[in-house]
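K.L.:
See coords_4.cif below, with mmCIF, C-alpha atoms.
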data_final
#
loop_
_atom_site.label_atom_id
_atom_site.label_comp_id
_atom_site.auth_asym_id
_atom_site.auth_seq_id
_atom_site.Cartn_x
_atom_site.Cartn_y
_atom_site.Cartn_z
CA MET K 820 -110.93 23.24 -50.08
CA SER K 821 -107.93 22.45 -52.24
CA GLY K 822 -106.23 24.47 -54.95
CA LEU K 823 -105.96 28.18 -55.45
CA GLN K 824 -108.82 30.67 -55.44
CA ALA K 825 -109.20 34.38 -56.05
CA ARG K 826 -112.44 35.88 -54.77
CA GLY K 827 -113.53 39.34 -55.94
CA VAL K 828 -109.97 40.60 -56.18
CA ILE K 829 -109.57 44.35 -56.71
CA ARG K 830 -106.16 46.03 -57.02
CA SER K 831 -105.18 49.50 -58.16
CA TYR K 832 -101.88 51.27 -58.69
CA GLY K 833 -102.62 54.74 -57.32
CA PRO K 834 -105.71 55.96 -59.16
CA THR K 835 -105.33 53.36 -61.94
CA PRO K 836 -107.38 50.19 -61.46
CA ALA K 837 -105.54 47.04 -62.61
CA LEU K 838 -108.01 44.41 -61.34
CA ARG K 839 -111.67 45.27 -60.96
CA ASP K 840 -113.27 42.24 -59.30
CA VAL K 841 -111.62 39.02 -60.50
CA SER K 842 -112.59 35.58 -59.25
CA LEU K 843 -110.75 32.49 -60.39
CA ASP K 844 -110.45 28.86 -59.29
CA VAL K 845 -107.39 26.79 -60.14
CA ALA K 846 -107.51 23.09 -59.22
CA GLU K 847 -104.36 21.33 -58.04
CA GLY K 848 -102.45 19.83 -60.94
CA GLU K 849 -104.22 22.08 -63.40
CA ILE K 850 -102.35 24.24 -65.93
CA VAL K 851 -104.21 27.51 -66.48
CA ALA K 852 -103.22 30.25 -68.90
CA VAL K 853 -104.17 33.82 -68.00
CA THR K 854 -104.24 35.79 -71.24
CA GLY K 855 -105.29 39.16 -72.54
CA PRO K 856 -103.84 42.29 -74.14
CA SER K 857 -101.16 44.45 -72.51
CA GLY K 858 -102.45 46.28 -69.46
CA CYS K 859 -105.41 43.92 -68.90
CA GLY K 860 -104.23 43.08 -65.37
CA LYS K 861 -102.91 39.57 -65.97
CA SER K 862 -99.52 40.11 -64.30
CA THR K 863 -101.18 41.87 -61.36
CA LEU K 864 -103.48 38.87 -60.93
CA LEU K 865 -100.49 36.50 -60.95
CA HIS K 866 -98.71 38.65 -58.35
CA CYS K 867 -101.84 38.66 -56.13
CA LEU K 868 -102.28 34.88 -56.45
CA ALA K 869 -98.60 34.27 -55.64
CA GLY K 870 -98.79 36.48 -52.54
CA ILE K 871 -96.33 39.01 -53.94
CA LEU K 872 -98.97 41.75 -54.04
CA ARG K 873 -101.86 42.20 -51.63
CA PRO K 874 -105.27 42.93 -53.13
CA ASP K 875 -107.00 46.15 -52.05
CA LYS K 876 -110.20 44.13 -51.70
CA GLY K 877 -111.11 40.49 -52.12
CA GLU K 878 -109.44 37.30 -50.95
CA VAL K 879 -106.84 34.78 -52.09
CA HIS K 880 -107.01 31.22 -50.76
CA TRP K 881 -104.50 28.38 -51.01
CA ARG K 882 -105.55 24.90 -49.83
CA GLY K 883 -108.42 26.38 -47.87
CA GLU K 884 -106.39 29.06 -46.09
CA ARG K 885 -106.75 32.73 -46.74
CA ILE K 886 -103.21 33.88 -47.58
CA ASP K 887 -103.62 37.51 -48.65
CA THR K 888 -103.92 38.61 -45.01
CA TRP K 889 -100.74 36.82 -43.96
CA PRO K 890 -97.79 39.05 -43.00
CA GLU K 891 -95.09 39.46 -45.64
CA ALA K 892 -92.71 37.05 -43.85
CA ALA K 893 -95.26 34.23 -44.02
CA ARG K 894 -96.12 34.90 -47.68
CA SER K 895 -92.42 35.06 -48.47
CA ARG K 896 -91.96 31.66 -46.80
CA LEU K 897 -94.81 30.28 -48.89
CA ARG K 898 -93.02 31.49 -52.04
CA ARG K 899 -89.87 29.68 -50.93
CA THR K 900 -91.64 26.41 -50.26
CA GLU K 901 -94.99 25.69 -51.89
CA PHE K 902 -94.92 28.36 -54.60
CA GLY K 903 -92.31 28.87 -57.32
CA VAL K 904 -92.14 31.99 -59.47
CA LEU K 905 -90.72 32.31 -62.98
CA PHE K 906 -90.48 35.70 -64.71
CA GLN K 907 -89.93 36.83 -68.30
CA PHE K 908 -86.27 37.53 -67.68
CA GLY K 909 -84.71 34.79 -65.55
CA GLN K 910 -83.86 37.30 -62.81
CA LEU K 911 -80.87 35.27 -61.74
CA VAL K 912 -78.40 36.86 -59.35
CA ALA K 913 -75.69 38.24 -61.66
CA GLU K 914 -72.83 37.69 -59.21
CA LEU K 915 -73.61 34.00 -58.65
CA THR K 916 -72.91 31.03 -60.90
CA ALA K 917 -75.73 28.87 -62.26
CA VAL K 918 -75.33 26.24 -59.58
CA GLU K 919 -75.26 28.90 -56.82
CA ASN K 920 -78.37 30.56 -58.23
CA VAL K 921 -80.28 27.28 -58.38
CA ALA K 922 -79.16 26.23 -54.89
CA LEU K 923 -80.22 29.56 -53.38
CA PRO K 924 -83.81 28.66 -52.38
CA LEU K 925 -82.55 25.55 -50.57
CA LEU K 926 -79.82 27.50 -48.76
CA LEU K 927 -82.39 30.09 -47.66
CA ALA K 928 -84.53 27.24 -46.34
CA GLY K 929 -81.61 25.99 -44.25
CA THR K 930 -80.36 23.08 -46.36
CA GLY K 931 -76.62 22.40 -46.05
CA ARG K 932 -74.31 23.85 -48.71
CA ARG K 933 -73.11 20.51 -50.10
CA GLU K 934 -76.58 18.98 -50.28
CA ALA K 935 -78.03 22.11 -51.90
CA GLY K 936 -75.20 22.20 -54.45
CA GLN K 937 -75.73 18.56 -55.34
CA ALA K 938 -79.48 19.05 -55.80
CA ALA K 939 -78.82 22.14 -57.93
CA CYS K 940 -76.50 20.15 -60.21
CA GLU K 941 -79.18 17.49 -60.65
CA TRP K 942 -81.77 20.12 -61.61
CA LEU K 943 -79.40 21.80 -64.07
CA ASP K 944 -78.79 18.40 -65.61
CA ARG K 945 -82.52 17.73 -65.88
CA PHE K 946 -82.93 20.89 -67.96
CA GLY K 947 -79.88 20.16 -70.12
CA VAL K 948 -77.62 22.92 -68.75
CA ALA K 949 -75.35 20.90 -66.43
CA ASP K 950 -72.30 22.15 -68.35
CA LEU K 951 -73.14 25.72 -67.31
CA ALA K 952 -72.93 25.00 -63.57
CA ASP K 953 -69.96 27.34 -63.01
CA VAL K 954 -71.04 30.00 -65.50
CA ARG K 955 -72.49 33.36 -64.44
CA PRO K 956 -75.76 34.59 -66.03
CA GLY K 957 -74.01 37.33 -68.03
CA ALA K 958 -72.25 34.69 -70.12
CA MET K 959 -75.43 32.71 -70.89
CA SER K 960 -78.04 33.06 -73.65
CA GLY K 961 -81.60 34.00 -72.72
CA GLY K 962 -82.76 30.42 -73.14
CA GLN K 963 -79.97 29.10 -70.90
CA GLN K 964 -80.79 31.68 -68.22
CA GLN K 965 -84.45 30.72 -68.36
CA ARG K 966 -83.60 27.02 -67.95
CA CYS K 967 -81.56 27.92 -64.84
CA ALA K 968 -84.43 30.07 -63.55
CA MET K 969 -86.78 27.12 -64.10
CA ALA K 970 -84.43 24.83 -62.14
CA ARG K 971 -84.32 27.42 -59.35
CA ALA K 972 -88.13 27.71 -59.29
CA LEU K 973 -88.56 23.92 -59.12
CA ILE K 974 -85.76 22.86 -56.76
CA THR K 975 -87.91 23.22 -53.63
CA GLY K 976 -90.61 20.96 -55.09
CA PRO K 977 -93.30 23.67 -55.22
CA ARG K 978 -96.97 22.74 -55.64
CA VAL K 979 -97.69 25.79 -57.82
CA ILE K 980 -95.52 27.47 -60.43
CA PHE K 981 -96.42 31.06 -61.32
CA ALA K 982 -94.93 31.86 -64.71
CA ASP K 983 -95.19 35.43 -66.00
CA GLU K 984 -94.49 35.52 -69.77
CA PRO K 985 -91.72 32.94 -69.26
CA THR K 986 -90.97 32.77 -72.98
CA GLY K 987 -91.43 36.47 -73.72
CA ALA K 988 -87.71 37.17 -74.06
CA LEU K 989 -86.83 33.97 -75.94
CA ASP K 990 -86.75 33.07 -79.63
CA THR K 991 -89.51 30.72 -80.77
CA LEU K 992 -87.53 27.50 -80.54
CA SER K 993 -85.97 28.23 -77.10
CA GLY K 994 -89.38 29.30 -75.83
CA GLU K 995 -90.98 26.08 -77.03
CA GLU K 996 -88.25 23.96 -75.47
CA VAL K 997 -88.45 25.72 -72.10
CA LEU K 998 -92.25 25.42 -71.99
CA THR K 999 -92.27 21.81 -73.13
CA GLN K 1000 -89.88 20.92 -70.31
CA LEU K 1001 -91.88 22.89 -67.75
CA VAL K 1002 -95.21 21.33 -68.77
CA ARG K 1003 -93.78 17.80 -68.94
CA PHE K 1004 -92.33 18.21 -65.47
CA ALA K 1005 -95.59 19.63 -64.08
CA ARG K 1006 -97.64 16.78 -65.57
CA GLU K 1007 -95.25 14.19 -64.07
CA GLN K 1008 -95.33 15.75 -60.61
CA GLY K 1009 -98.94 16.96 -60.59
CA THR K 1010 -97.70 20.54 -60.17
CA THR K 1011 -100.15 23.38 -60.81
CA ILE K 1012 -99.10 26.09 -63.25
CA VAL K 1013 -100.54 29.58 -63.61
CA LEU K 1014 -99.11 30.83 -66.90
CA VAL K 1015 -99.45 34.47 -67.92
CA THR K 1016 -99.07 35.09 -71.65
CA HIS K 1017 -100.53 37.24 -74.43
CA GLU K 1018 -99.83 34.63 -77.12
CA PRO K 1019 -102.50 32.04 -78.07
CA ARG K 1020 -99.72 29.65 -79.13
CA ILE K 1021 -98.24 29.71 -75.61
CA ALA K 1022 -101.66 29.61 -73.91
CA ALA K 1023 -102.29 26.36 -75.81
CA TYR K 1024 -99.85 24.60 -73.46
CA ALA K 1025 -102.45 25.03 -70.69
CA ASP K 1026 -105.52 22.92 -69.96
CA ARG K 1027 -107.66 26.03 -70.21
CA GLU K 1028 -107.45 29.73 -70.80
CA VAL K 1029 -108.86 32.60 -68.75
CA MET K 1030 -108.88 35.89 -70.63
CA LEU K 1031 -108.74 39.21 -68.79
CA ARG K 1032 -109.85 42.45 -70.32
CA ASP K 1033 -109.68 45.82 -68.56
CA GLY K 1034 -109.23 44.16 -65.18
CA VAL K 1035 -112.11 41.69 -65.36
CA VAL K 1036 -112.50 38.15 -66.72
CA ASP K 1037 -113.73 38.34 -70.33
CA PRO K 1038 -116.61 35.84 -70.50
CA THR K 1039 -116.37 35.62 -74.31
CA GLY K 1040 -112.69 34.69 -74.12
CA LEU K 1041 -112.27 36.56 -77.39
CA GLY K 1042 -111.97 40.19 -76.38
CA LEU K 1043 -115.25 41.21 -78.02
CA ASP K 1044 -116.54 44.76 -77.78
CA GLU K 1045 -120.19 43.95 -78.18
CA PRO K 1046 -122.29 41.52 -76.18
CA LEU K 1047 -122.11 38.02 -77.49
CA VAL K 1048 -124.91 36.49 -79.52
CA PRO K 1049 -125.63 32.81 -78.83
CA VAL K 1050 -123.46 30.55 -80.94
CA PRO K 1051 -124.88 27.26 -82.22
CA ALA K 1052 -122.86 24.22 -81.17
CA ALA K 1053 -120.50 22.94 -83.86
CA GLY K 1054 -122.01 20.03 -85.79
CA PRO K 1055 -120.22 16.77 -86.60
CA GLY K 1056 -117.11 17.32 -88.69
CA ALA K 1057 -117.20 21.04 -88.02
CA GLY K 1058 -113.60 21.18 -86.80
CA PRO K 1059 -110.95 23.52 -88.16
CA ARG K 1060 -109.41 22.84 -91.52
CA MET W 234 -98.25 12.63 -103.50
CA PRO W 235 -96.44 11.40 -106.66
CA HIS W 236 -93.30 13.27 -105.61
CA VAL W 237 -93.47 11.86 -102.11
CA LEU W 238 -93.44 8.35 -103.62
CA LEU W 239 -90.50 9.30 -105.87
CA GLY W 240 -88.71 10.63 -102.77
CA LEU W 241 -89.33 7.44 -100.83
CA LEU W 242 -88.05 5.37 -103.79
CA ALA W 243 -84.85 7.47 -103.91
CA ALA W 244 -83.69 5.57 -100.83
CA GLY W 245 -84.02 2.21 -102.61
CA ASN W 246 -86.50 -0.06 -104.36
CA ARG W 247 -89.70 -0.70 -102.46
CA HIS W 248 -92.99 -2.56 -102.70
CA GLY W 249 -96.28 -0.68 -102.69
CA TYR W 250 -97.09 -1.63 -99.12
CA GLU W 251 -93.62 -0.54 -97.95
CA LEU W 252 -94.19 2.83 -99.60
CA LYS W 253 -97.47 3.26 -97.78
CA ARG W 254 -95.86 2.41 -94.45
CA ALA W 255 -92.88 4.70 -95.07
CA HIS W 256 -95.23 7.54 -96.06
CA ASP W 257 -97.34 7.20 -92.91
CA SER W 258 -94.31 7.13 -90.62
CA ARG W 259 -92.41 10.02 -92.30
CA LEU W 260 -95.52 12.23 -92.45
CA PRO W 261 -97.20 11.14 -89.25
CA ARG W 262 -99.90 13.80 -89.09
CA ALA W 263 -100.91 13.55 -92.76
CA LYS W 264 -103.98 11.65 -93.83
CA PRO W 265 -102.79 8.01 -94.09
CA LEU W 266 -102.46 6.81 -97.69
CA ALA W 267 -104.89 4.20 -99.00
CA PHE W 268 -103.27 1.19 -100.72
CA GLY W 269 -105.42 1.81 -103.80
CA GLN W 270 -104.09 5.33 -104.02
CA VAL W 271 -100.48 4.11 -103.83
CA TYR W 272 -100.93 1.58 -106.64
CA ALA W 273 -102.88 4.00 -108.84
CA THR W 274 -100.14 6.63 -108.46
CA LEU W 275 -97.38 4.05 -109.09
CA GLY W 276 -99.25 3.04 -112.26
CA ARG W 277 -99.22 6.61 -113.53
CA LEU W 278 -95.55 7.11 -112.60
CA GLN W 279 -94.72 3.91 -114.51
CA ARG W 280 -96.72 5.03 -117.54
CA ASP W 281 -94.78 8.34 -117.54
CA GLY W 282 -91.44 6.53 -117.30
CA LEU W 283 -90.56 7.85 -113.83
CA VAL W 284 -90.52 4.42 -112.16
CA VAL W 285 -90.09 0.84 -113.41
CA THR W 286 -91.03 -2.46 -111.85
CA THR W 287 -88.11 -4.63 -110.84
CA GLY W 288 -89.77 -8.01 -111.02
CA GLN W 289 -91.98 -9.90 -108.67
CA GLU W 290 -91.09 -11.86 -105.60
CA ARG W 291 -93.24 -14.74 -104.63
CA GLU W 292 -92.62 -15.56 -101.02
CA ALA W 293 -95.16 -17.11 -98.72
CA GLY W 294 -97.64 -14.32 -99.39
CA PRO W 295 -99.19 -12.92 -102.55
CA ASP W 296 -97.23 -11.49 -105.51
CA ARG W 297 -95.41 -8.32 -104.60
CA THR W 298 -94.04 -5.98 -107.21
CA ALA W 299 -91.07 -3.80 -106.29
CA TYR W 300 -90.62 -0.39 -107.90
CA ALA W 301 -87.43 1.50 -108.76
CA LEU W 302 -86.77 5.10 -109.66
CA THR W 303 -85.61 5.77 -113.27
CA ASP W 304 -83.14 8.52 -114.26
CA GLN W 305 -86.11 10.47 -115.52
CA GLY W 306 -87.85 9.98 -112.17
CA ARG W 307 -84.73 11.16 -110.32
CA ALA W 308 -84.64 14.31 -112.49
CA ALA W 309 -88.35 14.97 -111.89
CA LEU W 310 -87.82 14.63 -108.12
CA ALA W 311 -84.81 16.99 -108.15
CA GLY W 312 -86.78 19.54 -110.19
CA TRP W 313 -89.72 19.41 -107.77
CA LEU W 314 -87.47 19.76 -104.71
CA ALA W 315 -85.65 22.75 -106.17
CA ALA W 316 -88.80 24.62 -107.24
CA VAL W 317 -89.86 27.34 -104.78
CA GLU W 318 -93.58 27.23 -104.02
CA PRO W 319 -95.32 30.49 -104.97
CA PRO W 320 -96.00 32.17 -101.60
CA MET W 321 -99.79 32.50 -101.46
CA PRO W 322 -100.43 33.57 -105.08
CA TYR W 323 -104.16 33.94 -104.42
CA VAL W 324 -105.88 34.67 -101.14
CA THR W 325 -108.17 31.68 -101.09
CA SER W 326 -109.26 30.02 -97.90
CA THR W 327 -112.57 28.50 -96.89
CA LEU W 328 -112.41 30.56 -93.70
CA PHE W 329 -112.03 33.84 -95.54
CA THR W 330 -114.58 32.97 -98.22
CA LYS W 331 -117.16 31.93 -95.64
CA VAL W 332 -117.00 35.22 -93.78
CA ALA W 333 -117.21 37.20 -97.02
CA VAL W 334 -120.26 35.20 -98.17
CA ALA W 335 -121.88 35.41 -94.72
CA LEU W 336 -121.65 39.21 -94.88
CA LEU W 337 -123.26 39.20 -98.34
CA VAL W 338 -126.17 36.87 -97.68
CA ALA W 339 -126.69 36.97 -93.91
CA ASP W 340 -126.58 39.58 -91.17
CA LEU W 341 -123.67 40.80 -89.12
CA ASN W 342 -124.49 38.46 -86.24
CA ALA W 343 -124.30 35.38 -88.47
CA ALA W 344 -120.81 36.37 -89.61
CA ARG W 345 -119.77 37.06 -86.00
CA SER W 346 -121.23 33.79 -84.78
CA TYR W 347 -119.30 31.91 -87.42
CA LEU W 348 -116.04 33.72 -86.55
CA ILE W 349 -116.52 32.96 -82.84
CA ALA W 350 -117.36 29.30 -83.36
CA GLN W 351 -114.41 28.91 -85.73
CA ALA W 352 -112.02 30.67 -83.32
CA ARG W 353 -113.12 28.29 -80.55
CA ALA W 354 -112.63 25.23 -82.76
CA HIS W 355 -109.18 26.51 -83.75
CA THR W 356 -108.25 27.14 -80.11
CA ASP W 357 -109.32 23.61 -79.13
CA ARG W 358 -107.31 22.07 -81.96
CA LEU W 359 -104.29 24.24 -81.10
CA ARG W 360 -104.41 22.93 -77.51
CA GLU W 361 -104.87 19.33 -78.69
CA LEU W 362 -101.84 19.49 -81.00
CA THR W 363 -99.69 21.30 -78.43
CA ALA W 364 -100.39 18.44 -75.99
CA VAL W 365 -98.82 16.08 -78.57
CA LYS W 366 -95.59 18.07 -78.26
CA THR W 367 -95.38 17.79 -74.48
CA ALA W 368 -96.26 14.08 -74.35
CA PRO W 369 -93.21 12.13 -73.12
CA SER W 370 -93.23 9.64 -76.04
CA THR W 371 -93.34 12.24 -78.83
CA THR W 372 -90.92 11.75 -81.75
CA LEU W 373 -89.26 14.55 -83.72
CA ASP W 374 -91.33 13.48 -86.76
CA ASP W 375 -94.42 14.33 -84.72
CA VAL W 376 -93.03 17.56 -83.29
CA VAL W 377 -92.06 18.92 -86.73
CA ALA W 378 -95.47 18.01 -88.19
CA VAL W 379 -97.30 19.52 -85.22
CA ASP W 380 -95.15 22.70 -85.38
CA TYR W 381 -96.36 23.22 -88.93
CA ALA W 382 -100.02 22.86 -87.95
CA VAL W 383 -99.59 25.01 -84.81
CA ALA W 384 -98.03 27.87 -86.79
CA HIS W 385 -100.91 27.84 -89.28
CA LEU W 386 -103.63 27.57 -86.64
CA ASP W 387 -101.98 30.42 -84.74
CA ALA W 388 -101.96 32.59 -87.88
CA ASP W 389 -105.61 31.75 -88.59
CA LEU W 390 -106.54 32.59 -85.00
CA ARG W 391 -104.89 36.00 -85.25
CA TRP W 392 -106.82 36.62 -88.45
CA LEU W 393 -110.10 35.44 -86.89
CA ARG W 394 -109.65 37.77 -83.91
CA THR W 395 -108.66 40.76 -86.04
CA THR W 396 -111.60 40.13 -88.36
CA LEU W 397 -113.97 39.90 -85.39
CA ALA W 398 -112.83 43.39 -84.47
CA ARG W 399 -113.32 44.62 -88.05
CA VAL W 400 -116.45 42.76 -89.06
CA ALA W 401 -118.93 45.51 -88.14
CA ASP W 402 -117.11 48.07 -90.30
CA TRP W 403 -116.74 45.54 -93.07
CA HIS W 404 -120.48 44.77 -93.00
CA ARG W 405 -121.25 48.50 -93.25
CA GLU W 406 -118.97 48.84 -96.26
CA VAL W 407 -120.42 45.79 -98.04
CA HIS W 408 -123.98 47.10 -97.62
CA SER W 409 -123.39 50.81 -98.22
#
Rewrite the structure of this file - the entire thing - as structure tokens.

P.N.:
Amino acid sequence: MSGLQARGVIRSYGPTPALRDVSLDVAEGEIVAVTGPSGCGKSTLLHCLAGILRPDKGEVHWRGERIDTWPEAARSRLRRTEFGVLFQFGQLVAELTAVENVALPLLLAGTGRREAGQAACEWLDRFGVADLADVRPGAMSGGQQQRCAMARALITGPRVIFADEPTGALDTLSGEEVLTQLVRFAREQGTTIVLVTHEPRIAAYADREVMLRDGVVDPTGLGLDEPLVPVPAAGPGAGPR
Amino acid sequence: MPHVLLGLLAAGNRHGYELKRAHDSRLPRAKPLAFGQVYATLGRLQRDGLVVTTGQEREAGPDRTAYALTDQGRAALAGWLAAVEPPMPYVTSTLFTKVAVALLVADLNAARSYLIAQARAHTDRLRELTAVKTAPSTTLDDVVAVDYAVAHLDADLRWLRTTLARVADWHREVHS
């Protein structure tokens, strides 16, 4: 079985349930947005899928292997190789320059310093921030930091990018530019993206949207309180105006 | 439309078919202009003294009349560009009207069904237009046009979702 699957995932923080039985299939190369209001469990689901958190119950599979039972070291290795993670705030290492930050995953994987540095420069260039190579995060704008974080997440050639509100801290234009670059890159390389967002405008970058509500998948996709009545199919020419 | 033609003529004299082509490339996501519409509008602009014809060329093809902006046309264009559009003077929208009428003449479920179907159609269109932005060959003309549509669809979607949450109370108020 290929791709990424969650099967009946349950996860609580102490007595507070965050996920109450979530199942989800993400095909390889697919871009899926996980949406929903604050506190619906979308970030927890992303953390479980990426192997950062372990579910209390349920299973997570990647390319046919159950990964949630792997020891932390093995899941951590997976996140350095096949998975890339991008958070709302770039979470760059403050003491390191842009090029050092971006090279870090390669250095951890045992790549030589010169080769890693060269690759990092190429990735910074690809995202239009080559001139910031020797700058530390503190002297960069939010958008510049996020471009560096994106380069760092992609430098190992991951098969899945987990992006948790990656534009949440950016102004509209920077956010659009960062996402456009990320999606273009993913489409070129056939990379899968799991994108957590609460904004419909950002979710529209995905191929499809999965809405969570109170820790379960909302089958209406609209956050409705009452059960849904059947909706007649839209007739010809019934598109939005 | 008349002001768009005046704007396109500000860059230099043009034939009707050149105006149509320039319109469709500058406003790539607008409904393409019909030739008949271009010539009818040019006729009215000429009658009002805002454009004049600058003679006909007869090359290999049929007669082609070029048009030029007059001083009066230039002033009309400047006036239009400087005038601020009234920001939503009336709340009129087919979406809004349809929900209000549905609540009057139909039941709550009909209004909800409409809101849901419309929200889905909006979401699909939002995704379709966003894909235009991430396509490798996209031009800035396209991106700016799509940005405009995306912002409006996004605003409509927020309204549709909020109204879905309020529609039961609204129905009660209408029928109390």

K.L.:
Since I can't run it myself right now, could you work out what the PyMOL selection byres ((chain K and resi 861) around 10) selects here and report it as an MDAnalysis selection string?

P.N.:
chainID K and resid 837:838 852:860 862:867 983 1014:1017 1029:1036

K.L.:
To verify the selection step, state as a ChimeraX atom specification which residues the PyMOL selection byres ((chain W) within 8 of (chain K)) yields on this input.

P.N.:
/W:342,346-347,349-351,354-356,358-360,363-364,366-369,383,387,394,397-398

K.L.:
Between CA of Val365 (chain W) and CA of Leu393 (chain W), what is the spacing in Å?

P.N.:
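A separation of 23.9 Å between them.
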
K.L.:
Evaluate the PyMOL selection byres ((chain K and resi 903-913) around 9) on the structure here and hand back the selected residues as an MDAnalysis selection string.

P.N.:
chainID K and resid 869 897:902 914:917 919:921 955:957 961:962 964:969 971:989

K.L.:
For Leu302 (chain W), list every protein, DNA or RNA residue within 12 Å, evaluated using all atoms listed in the file, and leave out those in the same chain fewer than 6 positions away; present the list as a VMD selection string.

P.N.:
chain W and resid 235 to 236 238 to 247 275 278 to 279 281 to 287 308 to 310

K.L.:
If I take CA of Val841 (chain K) and CA of Arg826 (chain K), how far is one from the other in Å, to one decimal?

P.N.:
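Straight-line distance from CA of Val841 (chain K) to CA of Arg826 (chain K) works out to 6.6 Å.
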
K.L.:
Please return, as a list of chain:residue names, all polymer residues that have at least one atom within 12 Å of the point (-99.5, 15.3, -94.2); use all atoms listed in the file and the file's own coordinate frame.

P.N.:
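The distance filter leaves exactly W:Met234, W:Val237, W:His256, W:Asp257, W:Ser258, W:Arg259, W:Leu260, W:Pro261, W:Arg262, W:Ala263, W:Lys264, W:Pro265, W:Leu266, W:Asp374, W:Asp375, W:Val377, W:Ala378, W:Val379, W:Tyr381, W:Ala382.
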
K.L.:
For the residues in that selection, give me C-alpha atoms as a short mmCIF file (atom, residue, chain, number, x, y, z; two decimals), keeping the file's coordinate frame.

P.N.:
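Dumped everything to result.cif:
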data_model
loop_
_atom_site.label_atom_id
_atom_site.label_comp_id
_atom_site.auth_asym_id
_atom_site.auth_seq_id
_atom_site.Cartn_x
_atom_site.Cartn_y
_atom_site.Cartn_z
CA MET W 234 -98.25 12.63 -103.50
CA VAL W 237 -93.47 11.86 -102.11
CA HIS W 256 -95.23 7.54 -96.06
CA ASP W 257 -97.34 7.20 -92.91
CA SER W 258 -94.31 7.13 -90.62
CA ARG W 259 -92.41 10.02 -92.30
CA LEU W 260 -95.52 12.23 -92.45
CA PRO W 261 -97.20 11.14 -89.25
CA ARG W 262 -99.90 13.80 -89.09
CA ALA W 263 -100.91 13.55 -92.76
CA LYS W 264 -103.98 11.65 -93.83
CA PRO W 265 -102.79 8.01 -94.09
CA LEU W 266 -102.46 6.81 -97.69
CA ASP W 374 -91.33 13.48 -86.76
CA ASP W 375 -94.42 14.33 -84.72
CA VAL W 377 -92.06 18.92 -86.73
CA ALA W 378 -95.47 18.01 -88.19
CA VAL W 379 -97.30 19.52 -85.22
CA TYR W 381 -96.36 23.22 -88.93
CA ALA W 382 -100.02 22.86 -87.95
#

K.L.:
Which polymer residues have any atom within 12 Å of an atom of Arg882 (chain K), counting only C-alpha atoms, with same-chain residues fewer than 6 positions away left out, as a list in words?

P.N.:
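Skipping anything fewer than 6 positions along the chain leaves Met820, Ser821, Gly822, Leu823, Gln824, Ala825, Asp844, Val845, Ala846, Glu847, Glu901, Arg978 and Val979 of chain K.
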
K.L.:
For a test of reading the model, state the distance in Å between CA of Ala339 (chain W) and CA of Arg391 (chain W), rounded to one decimal.

P.N.:
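These atoms are spaced 23.5 Å apart.
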